[in-house]
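Engineer: There's a structure below that I have some questions on.
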Amino acid sequence: MATMESLIGLVNRIQRACTALGDYGGGDQAFSSLWDALPSVAVVGGQSSGKSSVLESIVGRDFLPRGSGIVTRRPLVLQLQKTENGQDYAEFGHIPRRRFTDFALVRKEIEDETDRITGKSKQISPVPIHLSIYSQNVVNLTLIDLPGLTKVAIDGQPESIVQDIENMVRTYVEKPNCIILAISPANQDIATSDAIKLAKEVDASGERTFGVLTKLDLMDKGTNAIDVLEGRAYRLQHPWVGVVNRSQADINKNVDMIIARRKEREYFASSPDYGHLASKMGSEYLAKLLSRHLESVIRARIPSITSLINKSIDELESELDHLGRPIAVDAGAQLYTILELCRAFDRIFKEHLDGGRPGGDRIYGVFDNQLPAALRKLPFDRHLSMQNVRKIVSEADGYQPHLIAPEQGYRRLIEGSLNYFRGPAEASVDAVHFVLKELVRKSMAECQELKRFPTLQSTIVGAANESLERFRDESKKTVIRLVDMESSYLTVDFFRKLPQEVEKIGNPGGGNPRENPRESAAVGVDRYAEGHFRRIGSNVSSYVNMISETMRNSIPKAVVYCQVKEAKQNLLNYFYTQIGRKEGKQLAELLDEDPALMERRQQASKRLELYKKARDEVDSVSWAR
Ligand code: GDP
Ligand code: MG
């Protein structure tokens, strides 16, 4: 029945995948709950009741440590996977990708792996061992072998072991999806069966308990187990199954499993007591019974499994969105990714400038507060003090004092004053530069897409800052030029007004002093008096104030033109031309991710892939109905 196989195979595959990812019992909540939603079969019974033997005969291979005393000391999660052809092999969860074809080595590895956790003592551990067996001769089943229930602690065991074992077994069998294979030996009274006792506790209605009676061949002569097998001694929802496993002597003689199965069949066929039940006895029948039961259980579970899977897929998808998808491997796609990321960053940066995000207003703050304040603070009072004016004008006059207006003196005074504008001009450039730099930093911090690429982050920031440096240099040159331009040509209007004032001051008659040397000598005294220089100072001052007003308007224009607009339009242009020339390896280096993040994404996408596969399989089996 293909559907049945695929259903159980599906569960097996999901469980195996859970195991492969090492998530069962580990961190992944969804996996654990998916695992718990899937049915499993656990073998429960007293020590040496024949649990491991029953499992082996269901599998049809020798591979479990068996014998007297406490042999099974860790849970063994055994996944049987039917194959179409090829050699039988086994794989352990703790040694992925190593195929065991020698089943004696499988047994050895179970023993060794048990000891690895528990030490060579007779201690137990609840940490399961995962084993998958691939064979043509198995039905798809997941079985769990558990340590046997005991009554007393023996030598070398802690007192608590009796309770510890029971608790461990209980955690498996109390799960509502656990099918209990309750093993009782026929050579003991069923009323003393530990298996039945525990099963009754966790599954009172008996709907998930299968009673298995072992060691039928070891019953006292003259007794039989018909009452138990026919359900009269202890009633269960499912029929009891009797089995005959290999005795210790058979095991010691290495009796082949195939032969053992045949002997078991013969035992029932020829048994005077159980002959009439022969078709419903034996390990092979038990395997089929379990498999059939599992199928119906899984069928009923499909809707809840589907919704669990879908929920996990949604969660993983959103986690991956958050972490960012894996990066492409070819250079073209990588370049595309890098450019996309640059654009994402650039977009945020522009939003800061344009006011969609805060920060751009600080540039206006520079123009509106810092610059005017700096201009106001320029030491013109000192520069145009009477003493300084006299000094500069006299120096400019040289050996011959000026006659009408000290033109040279004016020029020097004005040039000297205008030079002071360089300071605030450059300071504005720098201030805006730092605002832009801060916005680059901020935009990077806000760029979610780039979070996973620390190398690219610092490269972009580096490139952006380099551009900003260039814009700053350009901007400085421009504002200095503005200042220089002002001093290179003085507005004529201003000078035109000067002679009138000179006449007003120095020559009330209105005539040209040159025409009248006597008068000229008379005003000469006045001309070199303090008032004269004060007036010159105040003339220069009003000219400088006029220029200051101009500067207050033109410096922001230059700064915006050279820095802000450039940053907005061409911040990463230089980087783009550089990156276009890079090779695949260099691009990959730029997309170097935080290793922890990479690991998390890898885990998540592996899991996602697995869930999707699981969903496809669930879909295919549920449609095949
Ligand atoms: P476990 O402790 O419950 O796993 O029991 P084992 O499977 O290790 O079996 C304990 C001992 O009982 C081994 O020596 C087996 O050979 C033996 N044994 C188990 N089942 C049968 C059976 O049906 N008939 C006989 N003769 N011996 C059995
Ligand atoms: Mg055992």
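Residues are referred to by chain and number: the chain letter is A, B, ... according to the order shown in the structure tokens, the number counts from 1 in that chain, and ligands are numbered separately from 1 in the order shown.
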Once DSSP has gone over the backbone, tell me which residues of region 98-150 of chain A are in helix (DSSP H, G or I), as a ChimeraX atom specification.
Structural biologist: /A:103-118
Engineer: Which residues are near ligand 1 - at most 10 Å, using only C-alpha atoms and all ligand atoms? Format: as a PDB file with C-alpha atoms, in the first residue's frame.
Structural biologist:
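Final output, saved to selection_17.pdb:
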```
ATOM      1  CA  VAL A  43       8.967  -0.235  23.845  1.00  0.00           C
ATOM      2  CA  VAL A  44       8.202  -0.564  27.545  1.00  0.00           C
ATOM      3  CA  GLY A  45       8.775  -3.420  29.902  1.00  0.00           C
ATOM      4  CA  GLY A  46      10.726  -4.868  32.764  1.00  0.00           C
ATOM      5  CA  GLN A  47      14.424  -5.503  32.484  1.00  0.00           C
ATOM      6  CA  SER A  48      15.189  -8.552  30.331  1.00  0.00           C
ATOM      7  CA  SER A  49      11.565  -8.916  29.320  1.00  0.00           C
ATOM      8  CA  GLY A  50      12.716  -9.032  25.702  1.00  0.00           C
ATOM      9  CA  LYS A  51      12.228  -5.443  24.517  1.00  0.00           C
ATOM     10  CA  SER A  52      15.393  -5.199  22.473  1.00  0.00           C
ATOM     11  CA  SER A  53      14.755  -8.656  21.088  1.00  0.00           C
ATOM     12  CA  VAL A  54      11.283  -7.664  19.915  1.00  0.00           C
ATOM     13  CA  LEU A  55      12.691  -4.597  18.198  1.00  0.00           C
ATOM     14  CA  GLU A  56      15.346  -6.652  16.491  1.00  0.00           C
ATOM     15  CA  SER A  57      12.924  -9.161  15.168  1.00  0.00           C
ATOM     16  CA  LEU A  64      21.006  -4.110  19.463  1.00  0.00           C
ATOM     17  CA  PRO A  65      23.022  -4.850  22.552  1.00  0.00           C
ATOM     18  CA  ARG A  66      21.086  -7.540  24.351  1.00  0.00           C
ATOM     19  CA  GLY A  67      21.538  -9.772  27.340  1.00  0.00           C
ATOM     20  CA  SER A  68      20.934 -10.000  31.003  1.00  0.00           C
ATOM     21  CA  GLY A  69      21.310  -7.068  33.351  1.00  0.00           C
ATOM     22  CA  ILE A  70      20.822  -3.431  32.406  1.00  0.00           C
ATOM     23  CA  VAL A  71      21.912  -3.284  28.798  1.00  0.00           C
ATOM     24  CA  THR A  72      19.791  -0.512  27.331  1.00  0.00           C
ATOM     25  CA  ARG A  73      20.817   2.561  29.305  1.00  0.00           C
ATOM     26  CA  ASP A 145      13.923   1.301  22.785  1.00  0.00           C
ATOM     27  CA  LEU A 146      13.970   2.264  26.442  1.00  0.00           C
ATOM     28  CA  PRO A 147      15.826   1.035  29.492  1.00  0.00           C
ATOM     29  CA  GLY A 148      13.951  -1.731  31.291  1.00  0.00           C
ATOM     30  CA  LEU A 149      11.938  -1.031  34.381  1.00  0.00           C
ATOM     31  CA  ILE A 183       6.374  -6.109  26.613  1.00  0.00           C
ATOM     32  CA  SER A 184       5.629  -8.798  29.168  1.00  0.00           C
ATOM     33  CA  PRO A 185       7.419 -12.136  29.400  1.00  0.00           C
ATOM     34  CA  ALA A 186       5.057 -15.111  29.226  1.00  0.00           C
ATOM     35  CA  ASN A 187       6.980 -16.966  31.892  1.00  0.00           C
ATOM     36  CA  LEU A 213       3.954 -11.446  25.139  1.00  0.00           C
ATOM     37  CA  THR A 214       7.528 -12.734  24.820  1.00  0.00           C
ATOM     38  CA  LYS A 215       9.233 -15.944  25.833  1.00  0.00           C
ATOM     39  CA  LEU A 216       6.224 -18.139  25.037  1.00  0.00           C
ATOM     40  CA  ASP A 217       8.756 -20.918  24.479  1.00  0.00           C
ATOM     41  CA  LEU A 218      10.021 -20.569  28.023  1.00  0.00           C
ATOM     42  CA  MET A 219       6.738 -21.229  29.773  1.00  0.00           C
ATOM     43  CA  GLY A 242       2.722 -13.379  21.192  1.00  0.00           C
ATOM     44  CA  VAL A 243       6.308 -13.668  19.970  1.00  0.00           C
ATOM     45  CA  VAL A 244       9.190 -16.051  20.277  1.00  0.00           C
ATOM     46  CA  ASN A 245      12.547 -14.342  20.152  1.00  0.00           C
ATOM     47  CA  ARG A 246      15.918 -15.910  20.096  1.00  0.00           C
ATOM     48  CA  SER A 247      17.065 -17.332  23.384  1.00  0.00           C
ATOM     49  CA  GLN A 248      20.394 -16.355  24.859  1.00  0.00           C
ATOM     50  CA  ALA A 249      21.703 -19.685  23.606  1.00  0.00           C
ATOM     51  CA  ASP A 250      20.547 -18.823  20.054  1.00  0.00           C
ATOM     52  CA  ILE A 251      22.284 -15.485  20.323  1.00  0.00           C
ATOM     53  CA  ASN A 252      25.462 -17.073  21.565  1.00  0.00           C
ATOM     54  CA  GLU A 264       9.102 -18.494  15.135  1.00  0.00           C
ATOM     55  CA  GLY A 282       4.855 -13.466  15.653  1.00  0.00           C
TER      56      GLY A 282
END
```
Engineer: Residues near region 555-562 of chain A, anyone? I mean within 8 Å using only C-alpha atoms, not counting same-chain ones fewer than 6 positions away, as an MDAnalysis selection string.
Structural biologist: chainID A and resid 367 425 428:429 432 471:472 474:475 478:479 482
Engineer: Per residue of region 375-397 of chain A within 10 Å of region 533-545 of chain A, record the nearest atom pair and its distance in Å to one decimal, counting only C-alpha atoms, with rows in chain order and ascending residue number, as CSV.
Structural biologist:
```
residue,atom,partner,partner_atom,distance
A:Leu375,CA,A:Asn545,CA,9.6
A:Arg376,CA,A:Asn545,CA,9.6
A:Phe380,CA,A:Ser541,CA,7.3
A:Asp381,CA,A:Ser541,CA,8.4
A:His383,CA,A:Gly537,CA,8.7
A:Leu384,CA,A:Gly537,CA,5.0
A:Ser385,CA,A:Gly537,CA,6.7
A:Met386,CA,A:Arg534,CA,5.3
A:Gln387,CA,A:Phe533,CA,8.1
A:Asn388,CA,A:Gly537,CA,8.9
A:Val389,CA,A:Phe533,CA,6.1
A:Arg390,CA,A:Phe533,CA,5.9
A:Lys391,CA,A:Phe533,CA,9.6
A:Val393,CA,A:Phe533,CA,8.4
```
Engineer: Selected residues, C-alpha atoms, written as a compact mmCIF listing (two decimals), in the first residue's frame, please.
Structural biologist:
```txt
# COMPACT_ATOMS: atom_id res chain seq x y z
CA LEU A 375 30.35 87.25 11.21
CA ARG A 376 29.20 89.42 14.07
CA PHE A 380 36.33 94.87 12.91
CA ASP A 381 36.15 97.23 15.88
CA HIS A 383 40.81 96.52 12.97
CA LEU A 384 39.04 99.81 12.26
CA SER A 385 39.96 101.53 15.49
CA MET A 386 41.25 105.01 15.11
CA GLN A 387 44.80 103.97 15.92
CA ASN A 388 44.85 101.11 13.46
CA VAL A 389 43.28 103.18 10.74
CA ARG A 390 45.87 105.87 11.25
CA LYS A 391 48.63 103.31 11.20
CA VAL A 393 46.58 104.76 6.19
```
Engineer: So that I can see what lies close to Leu341 (chain A), please list as a ChimeraX atom specification the residues with an atom at most 7 Å from it, counting only C-alpha atoms and leaving out residues fewer than 3 positions away in the same chain.
Structural biologist: /A:337-338,344-345,449-450
Engineer: Could you work out how far CA of Arg325 (chain A) lies from CA of Gln586 (chain A), giving the answer in Å with one decimal?
Structural biologist: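 These two atoms are separated by 20.1 Å.
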Engineer: Please determine, counting only C-alpha atoms and all ligand atoms, which residue among A:Tyr89, A:Phe63, A:Tyr274, A:Tyr364 has the shortest atom-to-atom distance to ligand 2.
Structural biologist: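 Nearest candidate to ligand 2 out of A:Tyr89, A:Phe63, A:Tyr274, A:Tyr364: A:Phe63.
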Engineer: Counting only C-alpha atoms and all ligand atoms, which residue out of A:Cys342, A:Ala567, A:Leu76, A:Leu316 sits closest to ligand 2?
Structural biologist: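 Closest candidate: A:Leu76.
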Engineer: CA of Leu608 (chain A) and CA of Ser312 (chain A) are how many Å apart?
Structural biologist: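 Distance between the two atoms: 8.0 Å.
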